[in-house]
Structure formats: C-alpha cells, structure tokens
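All remarks here apply to the structure that follows.
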Amino acid sequence: MSFERLGLSAPLLRAVAEAGYREPTPIQRAAIGPALAGKDIVGCAQTGTGKTAAFALPVLQALDASAEDDPKIRALVLSPTRELAAQIGECFGTYGKHLDLWHTVIFGGVSEGPQIKALRDGIDILVATPGRLLDLMRRGFVDLRSVEVFVLDEADHMLDMGFLPDVRRIVAALPVRRQNLLFSATMPPEIRGLAEGLLHEPVSVGVEVVSKPVELIEQKLYFVDKADKPKLLLDLLRERGVERSLVFSRTKHGANRVVQFLDKSGVRSAAIHGNKSQNARTRALDAFKRGELSVLVATDIAARGIDIDGVSHVINFDLPNIPETYVHRIGRTARAGASGIALSMCDAEEHEFLADIEKLIGRKLERVDEHPFPASQAAMPAANARPGGRPGSSGGRRPGGGPPRRGGGGGGGGRGGSPRRR
Ligand code: AMP
C-alpha cells in the first residue's frame, strides 16, 4: 500500500517522499486513515514502528485544512522525555515543511525564555513534556482552549515516570470536544483506565505486541561474571565488527564507568543519562548520529524514545529488571524494518531478570558458550551450568541479589526549548 492511498495531501506526500519513506509502516497503514477521519485512536506500538508519523501526518493535515492567519495552539502532543519531545518536534518540522504551520517544543531543564517567546509569537502545534507545560500553564503562558487534537505519546512511560497526575491536570484544561490519539507500547491497567476516560469510541490499532520483539533482531546471550563484563564488552565491540552500538546500563554510575573503561581502552564513547546536562546529551547524540562516536552508553530513561537510525547492535551490559524494558531496548536496533543484533550479558545476580524476559518474549535467547570470558559456575543458572565452567571467581553469590524489580526511576521533568520553528 502506498502513502497516496491513505488520503494524505500533496504537501505531506512530498515531505514523506523527501524523507525517503517508500511505503507506510503497519502502524501508519492502520492509524492514518481513521485519524484523518477524525476518530480517536488508541495505538499499541513501540518506538521504531513509525508511530510518530502515524500521528504527526494526520495532525498536520487536519490543522492545514483549517489554518488561520493568527496561530493558536490547535494540537498538543505530550511526551514523557525531553529527547522524545525534541524528536517529535523534528518530525513535525520534517513532515510539515511544505505547510504554513508553526510548532515548538517545550521541556524543562533549559532556559524558558525562548519557549515563552515562541508561545507568545503564536504556534499551531505544541510538543511538550508535562512538568514544564504545567509550570507555564500555571503562569498563564499557555492557552490550551483552542486545542482540537490531543496526542499522548508513550502513555505507559508517563505512568512509569509518575506523570499521570500531571497528564490528568493538563487534560482537564483542554476543550471537551477534541480528537484524542493515545500511543503506548504496553497497556497496563492504569493506561487502559486513562484511555477509557480520555477516548471516545476509539479505533484500536495495535501492530507490535510488546511481548513479541521485532522478528528481525538476532538475540544472543552471554553468561559472564560481573567483574568481566567490561572486558567482554570491549571484546564484543572489537571482535564482532560493531559499527554503531547502543549499550544499556541499568544505572547512571554504571554508564559512566563503562565510558571510562572504554575510553582507557581507546574506544570513543559517550554516556547519556539523567545526570548529564541537556547540552551534553544533545552533543553526545549528535556525535553518535554523525558517526563520530561508535558507542553510546545509555540508561533506559535517557534512551527511551530517542531516534537513531542505523544502530547495528544493542548491547545489554546489564539486564533490565523490568522485562518489557528488554523489548524496548532491543527495539532500538532493527528500526523501521532493518535487521539488527542484540547482545545481552547476564551475571549471577541477573538470572531472575533473564527468566522474566524469556517468559515475556516466549522463547530462550540464544546462548553463546564460546567467548573469552566464560562465567564461573556460580554465574551460570543451574540449567546452563557447563561441566567445564571456569572455577568460580564470583564464588557463592546468590542469584536474585540484584536491584529491585521496579523503580530506579527519576530523570523526569522535561527539557527543551527549541525556538519557534516550522
Ligand atoms: P518512530 O517509531 O516514529 O520513532 O520512527 C522510527 C523510525 O522510522 C524513524 O527514524 C523514522 O524516520 C522512520 N520511519 C517512519 N516511517 C517510516 C516509513 N514509512 N518508511 C521508512 N522509515 C520510516
């Protein structure tokens, strides 16, 4: 099916063609038609499926059809993180380049001056994180009374980050008559409840069930002692011809330590996490996108939603304690149909996390037994213990002593402030 058949207008078709998209992704095929018809949508889709265009294109078309000389905020997009908000803003710029609509992005952590100026100058589309938006609303800088379309992106992530009360406050300031588009990678009961209160006879579009990781991703598992993880990482990066890899660490300190180790070993990398300034994060991301850095080390919150094409490998330096996070992580490779590789390390404290992940995805990750840093017996789960396993350097460590299964959140707020732009 082509984009033309979805009913998109000529300027949008041109922009999409210029972006190099040849045909719509499944979520775009499913969502664009009903969204153009003004329906509410609940979309179950992970990042990487093309969901941003699935909502941005219909929003742009609806606003363009009734554009006025004096711009008012007629579409509001809420995003949980600054990076995702910035990226959504870029997408509106890309897809709306042939239209006369203005958008801006607001998030916390950066100077509010340019954001307030953009709001004063007048915009049609506002992309925002909840914290800064509420702050500017309370101080009278944002008027949401003309909003016609409301998009809530990554609703489950909003929940994880404790933003749902803020989201509800913002929704209460919107006109009752409006179109709602809600996207979430998973549908926990809280999000279902939110959706029921928010949406009117929604069309449900679900493309990628979260428990089914992208089929194209090759997933491998390395049992290793915790102390050997940095060396194994280096080996994987060198031996497997890794071009552009995103390495996940459960903690900010862990991410910093990995970067320091790689640095000493002559591999250029950078960390992105909540303790880094927005400028440092943007610089790291840009250097990675330009190919100046081949390794980006990220925590889950920092990485979620960031859009990087061409990631050849996702490496899980730590296994996540929430199994869905594994699916989100590995979805960062193999984006929009490309193939990718996900390599995961598992130490003695992570067996339980591994079991949860394999239960969620419904299969065993492929074990790589032959590698230079095989785990000691103690770091192998009972079913995988090899007769010749290396004698235990990590001796009697018991599985399950790792971090709590949920939590570790933080990093919230938003950040932002791209100036008013098309
Ligand atoms: P998203 O899920 O919105 O973060 O999109 C993931 C990536 O897919 C982004 O890099 C988009 O530029 C890209 N993309 C979105 N739609 C298409 C399409 N129809 N064809 C090719 N790439 C696409």
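Here, A, B, ... name the chains of the structure tokens in the order displayed, residue numbers run from 1 inside each chain, and ligands are numbered from 1 in the same displayed order.
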
### Query
Any idea what's packed within 7 Å of segment 122-129 of chain A, counting only C-alpha atoms, ignoring anything in its chain fewer than 3 positions away? Could you give it as a list in words?
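My reading of the contact set: Pro71, Lys72, Ile73, Arg74, Ala75, Leu76, Val77, Leu78, Ser79, Pro80, Thr81, Arg82, Ala85, Gly89, Leu101, Trp102, His103, Thr104, Val105, Ile106, Phe107, Ala118, Leu119, Arg132, Leu133, Gly413 and Gly414 of chain A.
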
Taking only segment 214-270 of chain A into account, list the residues labelled helix (DSSP H, G or I) by DSSP (computed from the backbone), as an mmCIF file with all heavy atoms, in the first residue's frame.
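Final file, selection_33.cif:
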data_model
loop_
_atom_site.group_PDB
_atom_site.id
_atom_site.type_symbol
_atom_site.label_atom_id
_atom_site.label_comp_id
_atom_site.auth_asym_id
_atom_site.auth_seq_id
_atom_site.Cartn_x
_atom_site.Cartn_y
_atom_site.Cartn_z
ATOM 1 N N LYS A 226 30.322 -10.723 36.752
ATOM 2 C CA LYS A 226 30.122 -9.278 36.746
ATOM 3 C C LYS A 226 31.427 -8.519 36.460
ATOM 4 O O LYS A 226 31.469 -7.571 35.671
ATOM 5 C CB LYS A 226 29.563 -8.857 38.109
ATOM 6 C CG LYS A 226 29.019 -7.473 38.138
ATOM 7 C CD LYS A 226 28.335 -7.248 39.478
ATOM 8 C CE LYS A 226 27.480 -6.008 39.433
ATOM 9 N NZ LYS A 226 26.443 -6.031 40.465
ATOM 10 N N ALA A 227 32.506 -8.977 37.124
ATOM 11 C CA ALA A 227 33.779 -8.264 37.001
ATOM 12 C C ALA A 227 34.327 -8.307 35.579
ATOM 13 O O ALA A 227 35.141 -7.468 35.189
ATOM 14 C CB ALA A 227 34.790 -8.870 37.973
ATOM 15 N N ASP A 228 33.893 -9.305 34.810
ATOM 16 C CA ASP A 228 34.439 -9.446 33.446
ATOM 17 C C ASP A 228 33.606 -8.709 32.398
ATOM 18 O O ASP A 228 33.958 -8.705 31.211
ATOM 19 C CB ASP A 228 34.489 -10.938 33.066
ATOM 20 C CG ASP A 228 35.637 -11.660 33.764
ATOM 21 O OD1 ASP A 228 36.600 -10.974 34.184
ATOM 22 O OD2 ASP A 228 35.555 -12.890 33.897
ATOM 23 N N LYS A 229 32.498 -8.125 32.822
ATOM 24 C CA LYS A 229 31.614 -7.508 31.816
ATOM 25 C C LYS A 229 32.309 -6.438 30.962
ATOM 26 O O LYS A 229 32.140 -6.430 29.737
ATOM 27 C CB LYS A 229 30.379 -6.908 32.500
ATOM 28 C CG LYS A 229 29.311 -7.934 32.826
ATOM 29 C CD LYS A 229 28.077 -7.229 33.378
ATOM 30 C CE LYS A 229 26.911 -8.177 33.507
ATOM 31 N NZ LYS A 229 25.700 -7.475 33.975
ATOM 32 N N PRO A 230 33.094 -5.528 31.575
ATOM 33 C CA PRO A 230 33.727 -4.517 30.718
ATOM 34 C C PRO A 230 34.633 -5.136 29.664
ATOM 35 O O PRO A 230 34.636 -4.721 28.509
ATOM 36 C CB PRO A 230 34.537 -3.672 31.713
ATOM 37 C CG PRO A 230 33.875 -3.893 33.036
ATOM 38 C CD PRO A 230 33.367 -5.304 32.993
ATOM 39 N N LYS A 231 35.378 -6.190 30.065
ATOM 40 C CA LYS A 231 36.302 -6.806 29.103
ATOM 41 C C LYS A 231 35.520 -7.514 27.993
ATOM 42 O O LYS A 231 35.886 -7.462 26.824
ATOM 43 C CB LYS A 231 37.219 -7.800 29.823
ATOM 44 C CG LYS A 231 38.309 -7.086 30.615
ATOM 45 C CD LYS A 231 39.226 -8.049 31.318
ATOM 46 C CE LYS A 231 38.656 -8.418 32.673
ATOM 47 N NZ LYS A 231 39.389 -9.389 33.427
ATOM 48 N N LEU A 232 34.429 -8.153 28.394
ATOM 49 C CA LEU A 232 33.617 -8.819 27.374
ATOM 50 C C LEU A 232 33.029 -7.767 26.423
ATOM 51 O O LEU A 232 32.995 -7.968 25.208
ATOM 52 C CB LEU A 232 32.500 -9.651 28.033
ATOM 53 C CG LEU A 232 31.531 -10.336 27.069
ATOM 54 C CD1 LEU A 232 32.249 -11.271 26.105
ATOM 55 C CD2 LEU A 232 30.450 -11.122 27.825
ATOM 56 N N LEU A 233 32.600 -6.654 26.982
ATOM 57 C CA LEU A 233 32.040 -5.593 26.138
ATOM 58 C C LEU A 233 33.065 -5.164 25.087
ATOM 59 O O LEU A 233 32.765 -5.067 23.895
ATOM 60 C CB LEU A 233 31.619 -4.392 26.995
ATOM 61 C CG LEU A 233 31.165 -3.165 26.209
ATOM 62 C CD1 LEU A 233 29.912 -3.449 25.403
ATOM 63 C CD2 LEU A 233 30.925 -1.972 27.147
ATOM 64 N N LEU A 234 34.280 -4.927 25.561
ATOM 65 C CA LEU A 234 35.333 -4.489 24.654
ATOM 66 C C LEU A 234 35.556 -5.539 23.564
ATOM 67 O O LEU A 234 35.682 -5.216 22.378
ATOM 68 C CB LEU A 234 36.619 -4.268 25.459
ATOM 69 C CG LEU A 234 37.738 -3.541 24.760
ATOM 70 C CD1 LEU A 234 37.311 -2.136 24.372
ATOM 71 C CD2 LEU A 234 38.961 -3.471 25.678
ATOM 72 N N ASP A 235 35.572 -6.782 24.005
ATOM 73 C CA ASP A 235 35.773 -7.854 23.046
ATOM 74 C C ASP A 235 34.644 -7.897 22.014
ATOM 75 O O ASP A 235 34.885 -8.046 20.819
ATOM 76 C CB ASP A 235 35.844 -9.187 23.809
ATOM 77 C CG ASP A 235 36.208 -10.329 22.881
ATOM 78 O OD1 ASP A 235 37.380 -10.394 22.493
ATOM 79 O OD2 ASP A 235 35.310 -11.108 22.507
ATOM 80 N N LEU A 236 33.414 -7.734 22.484
ATOM 81 C CA LEU A 236 32.280 -7.774 21.560
ATOM 82 C C LEU A 236 32.368 -6.627 20.561
ATOM 83 O O LEU A 236 32.139 -6.799 19.370
ATOM 84 C CB LEU A 236 30.953 -7.680 22.328
ATOM 85 C CG LEU A 236 30.613 -8.853 23.246
ATOM 86 C CD1 LEU A 236 29.334 -8.566 24.033
ATOM 87 C CD2 LEU A 236 30.445 -10.130 22.434
ATOM 88 N N LEU A 237 32.731 -5.452 21.080
ATOM 89 C CA LEU A 237 32.815 -4.290 20.210
ATOM 90 C C LEU A 237 33.905 -4.485 19.156
ATOM 91 O O LEU A 237 33.731 -4.134 18.002
ATOM 92 C CB LEU A 237 33.121 -3.023 21.024
ATOM 93 C CG LEU A 237 32.010 -2.538 21.964
ATOM 94 C CD1 LEU A 237 32.510 -1.405 22.848
ATOM 95 C CD2 LEU A 237 30.785 -2.093 21.175
ATOM 96 N N ARG A 238 35.019 -5.086 19.568
ATOM 97 C CA ARG A 238 36.139 -5.236 18.637
ATOM 98 C C ARG A 238 35.960 -6.415 17.700
ATOM 99 O O ARG A 238 36.151 -6.310 16.507
ATOM 100 C CB ARG A 238 37.442 -5.415 19.422
ATOM 101 C CG ARG A 238 37.876 -4.102 20.027
ATOM 102 C CD ARG A 238 39.252 -4.228 20.621
ATOM 103 N NE ARG A 238 39.747 -2.923 21.022
ATOM 104 C CZ ARG A 238 40.548 -2.714 22.039
ATOM 105 N NH1 ARG A 238 40.958 -3.730 22.763
ATOM 106 N NH2 ARG A 238 40.950 -1.507 22.338
ATOM 107 N N GLU A 239 35.579 -7.549 18.302
ATOM 108 C CA GLU A 239 35.568 -8.777 17.515
ATOM 109 C C GLU A 239 34.380 -8.892 16.581
ATOM 110 O O GLU A 239 34.448 -9.501 15.545
ATOM 111 C CB GLU A 239 35.596 -10.013 18.430
ATOM 112 C CG GLU A 239 36.848 -10.141 19.253
ATOM 113 C CD GLU A 239 38.096 -10.099 18.375
ATOM 114 O OE1 GLU A 239 38.117 -10.825 17.379
ATOM 115 O OE2 GLU A 239 39.026 -9.323 18.677
ATOM 116 N N LYS A 252 23.088 5.123 36.210
ATOM 117 C CA LYS A 252 23.877 6.230 35.660
ATOM 118 C C LYS A 252 25.359 6.020 35.950
ATOM 119 O O LYS A 252 26.213 6.226 35.094
ATOM 120 C CB LYS A 252 23.428 7.552 36.302
ATOM 121 C CG LYS A 252 21.965 7.860 36.070
ATOM 122 C CD LYS A 252 21.500 8.993 36.964
ATOM 123 C CE LYS A 252 19.980 9.056 36.963
ATOM 124 N NZ LYS A 252 19.436 10.003 37.907
ATOM 125 N N HIS A 253 25.667 5.597 37.193
ATOM 126 C CA HIS A 253 27.074 5.390 37.542
ATOM 127 C C HIS A 253 27.673 4.279 36.696
ATOM 128 O O HIS A 253 28.807 4.365 36.241
ATOM 129 C CB HIS A 253 27.225 5.053 39.027
ATOM 130 C CG HIS A 253 26.788 6.185 39.901
ATOM 131 N ND1 HIS A 253 27.331 7.443 39.778
ATOM 132 C CD2 HIS A 253 25.847 6.262 40.852
ATOM 133 C CE1 HIS A 253 26.736 8.248 40.642
ATOM 134 N NE2 HIS A 253 25.834 7.554 41.303
ATOM 135 N N GLY A 254 26.888 3.232 36.504
ATOM 136 C CA GLY A 254 27.351 2.127 35.665
ATOM 137 C C GLY A 254 27.680 2.638 34.271
ATOM 138 O O GLY A 254 28.710 2.276 33.690
ATOM 139 N N ALA A 255 26.816 3.497 33.734
ATOM 140 C CA ALA A 255 27.043 4.037 32.383
ATOM 141 C C ALA A 255 28.348 4.828 32.354
ATOM 142 O O ALA A 255 29.161 4.679 31.439
ATOM 143 C CB ALA A 255 25.862 4.917 31.968
ATOM 144 N N ASN A 256 28.573 5.643 33.390
ATOM 145 C CA ASN A 256 29.822 6.425 33.439
ATOM 146 C C ASN A 256 31.037 5.512 33.497
ATOM 147 O O ASN A 256 32.047 5.749 32.836
ATOM 148 C CB ASN A 256 29.832 7.335 34.664
ATOM 149 C CG ASN A 256 28.872 8.501 34.503
ATOM 150 O OD1 ASN A 256 28.468 8.805 33.381
ATOM 151 N ND2 ASN A 256 28.499 9.136 35.597
ATOM 152 N N ARG A 257 30.923 4.449 34.312
ATOM 153 C CA ARG A 257 32.072 3.538 34.450
ATOM 154 C C ARG A 257 32.389 2.850 33.117
ATOM 155 O O ARG A 257 33.547 2.690 32.750
ATOM 156 C CB ARG A 257 31.792 2.499 35.535
ATOM 157 C CG ARG A 257 32.088 3.019 36.948
ATOM 158 C CD ARG A 257 32.210 1.864 37.923
ATOM 159 N NE ARG A 257 30.965 1.096 38.009
ATOM 160 C CZ ARG A 257 29.973 1.367 38.851
ATOM 161 N NH1 ARG A 257 30.085 2.376 39.696
ATOM 162 N NH2 ARG A 257 28.881 0.634 38.875
ATOM 163 N N VAL A 258 31.350 2.481 32.405
ATOM 164 C CA VAL A 258 31.579 1.821 31.118
ATOM 165 C C VAL A 258 32.311 2.777 30.171
ATOM 166 O O VAL A 258 33.280 2.400 29.495
ATOM 167 C CB VAL A 258 30.239 1.356 30.489
ATOM 168 C CG1 VAL A 258 30.442 0.911 29.054
ATOM 169 C CG2 VAL A 258 29.637 0.214 31.305
ATOM 170 N N VAL A 259 31.868 4.031 30.155
ATOM 171 C CA VAL A 259 32.506 5.012 29.265
ATOM 172 C C VAL A 259 33.975 5.196 29.645
ATOM 173 O O VAL A 259 34.856 5.228 28.782
ATOM 174 C CB VAL A 259 31.748 6.360 29.290
ATOM 175 C CG1 VAL A 259 32.552 7.463 28.622
ATOM 176 C CG2 VAL A 259 30.398 6.207 28.602
ATOM 177 N N GLN A 260 34.234 5.290 30.959
ATOM 178 C CA GLN A 260 35.633 5.456 31.403
ATOM 179 C C GLN A 260 36.489 4.271 30.958
ATOM 180 O O GLN A 260 37.602 4.438 30.465
ATOM 181 C CB GLN A 260 35.698 5.570 32.924
ATOM 182 C CG GLN A 260 35.373 6.969 33.426
ATOM 183 C CD GLN A 260 34.949 6.948 34.885
ATOM 184 O OE1 GLN A 260 35.137 5.953 35.576
ATOM 185 N NE2 GLN A 260 34.386 8.059 35.347
ATOM 186 N N PHE A 261 35.930 3.069 31.129
ATOM 187 C CA PHE A 261 36.686 1.869 30.748
ATOM 188 C C PHE A 261 36.968 1.870 29.241
ATOM 189 O O PHE A 261 38.090 1.631 28.808
ATOM 190 C CB PHE A 261 35.904 0.611 31.157
ATOM 191 C CG PHE A 261 36.570 -0.657 30.728
ATOM 192 C CD1 PHE A 261 37.595 -1.213 31.480
ATOM 193 C CD2 PHE A 261 36.191 -1.289 29.546
ATOM 194 C CE1 PHE A 261 38.225 -2.383 31.068
ATOM 195 C CE2 PHE A 261 36.814 -2.455 29.126
ATOM 196 C CZ PHE A 261 37.840 -2.996 29.896
ATOM 197 N N LEU A 262 35.944 2.180 28.463
ATOM 198 C CA LEU A 262 36.129 2.163 27.006
ATOM 199 C C LEU A 262 37.133 3.219 26.589
ATOM 200 O O LEU A 262 37.964 3.002 25.705
ATOM 201 C CB LEU A 262 34.781 2.393 26.298
ATOM 202 C CG LEU A 262 33.759 1.256 26.420
ATOM 203 C CD1 LEU A 262 32.459 1.632 25.710
ATOM 204 C CD2 LEU A 262 34.310 -0.051 25.845
ATOM 205 N N ASP A 263 37.046 4.355 27.261
ATOM 206 C CA ASP A 263 37.962 5.449 26.966
ATOM 207 C C ASP A 263 39.412 5.002 27.150
ATOM 208 O O ASP A 263 40.258 5.205 26.285
ATOM 209 C CB ASP A 263 37.627 6.609 27.921
ATOM 210 C CG ASP A 263 38.048 7.923 27.333
ATOM 211 O OD1 ASP A 263 37.904 8.077 26.108
ATOM 212 O OD2 ASP A 263 38.548 8.781 28.096
ATOM 213 N N LYS A 264 39.657 4.371 28.309
ATOM 214 C CA LYS A 264 41.018 3.890 28.606
ATOM 215 C C LYS A 264 41.465 2.857 27.583
ATOM 216 O O LYS A 264 42.646 2.700 27.320
ATOM 217 C CB LYS A 264 41.041 3.231 29.989
ATOM 218 C CG LYS A 264 41.283 4.239 31.099
ATOM 219 C CD LYS A 264 41.620 3.504 32.387
ATOM 220 C CE LYS A 264 41.073 4.269 33.573
ATOM 221 N NZ LYS A 264 40.341 3.459 34.521
#

### Task
Excluding segment 329-332 of chain A and residues on its chain fewer than 5 positions from it, collect all residues at most 7 Å away from it, counting only C-alpha atoms, and give them as a ChimeraX atom specification.
/A:48,214,311,314,342

### Message
Write out as a PyMOL selection string the set of residues from segment 171-325 of chain A that DSSP, computed on the backbone, places in strand (DSSP E).
### Response
chain A and resi 179-184+203-206+217-223+245-248+269-272+295-298+313-316

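Going from atom CA of Phe183 of chain A over to atom CA of Ala45 of chain A, you cover 6.6 Å.
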
### Task
Between atom CA of Val205 of chain A and atom CA of Ile27 of chain A, measure the distance and give it in Å to one decimal.
7.0 Å
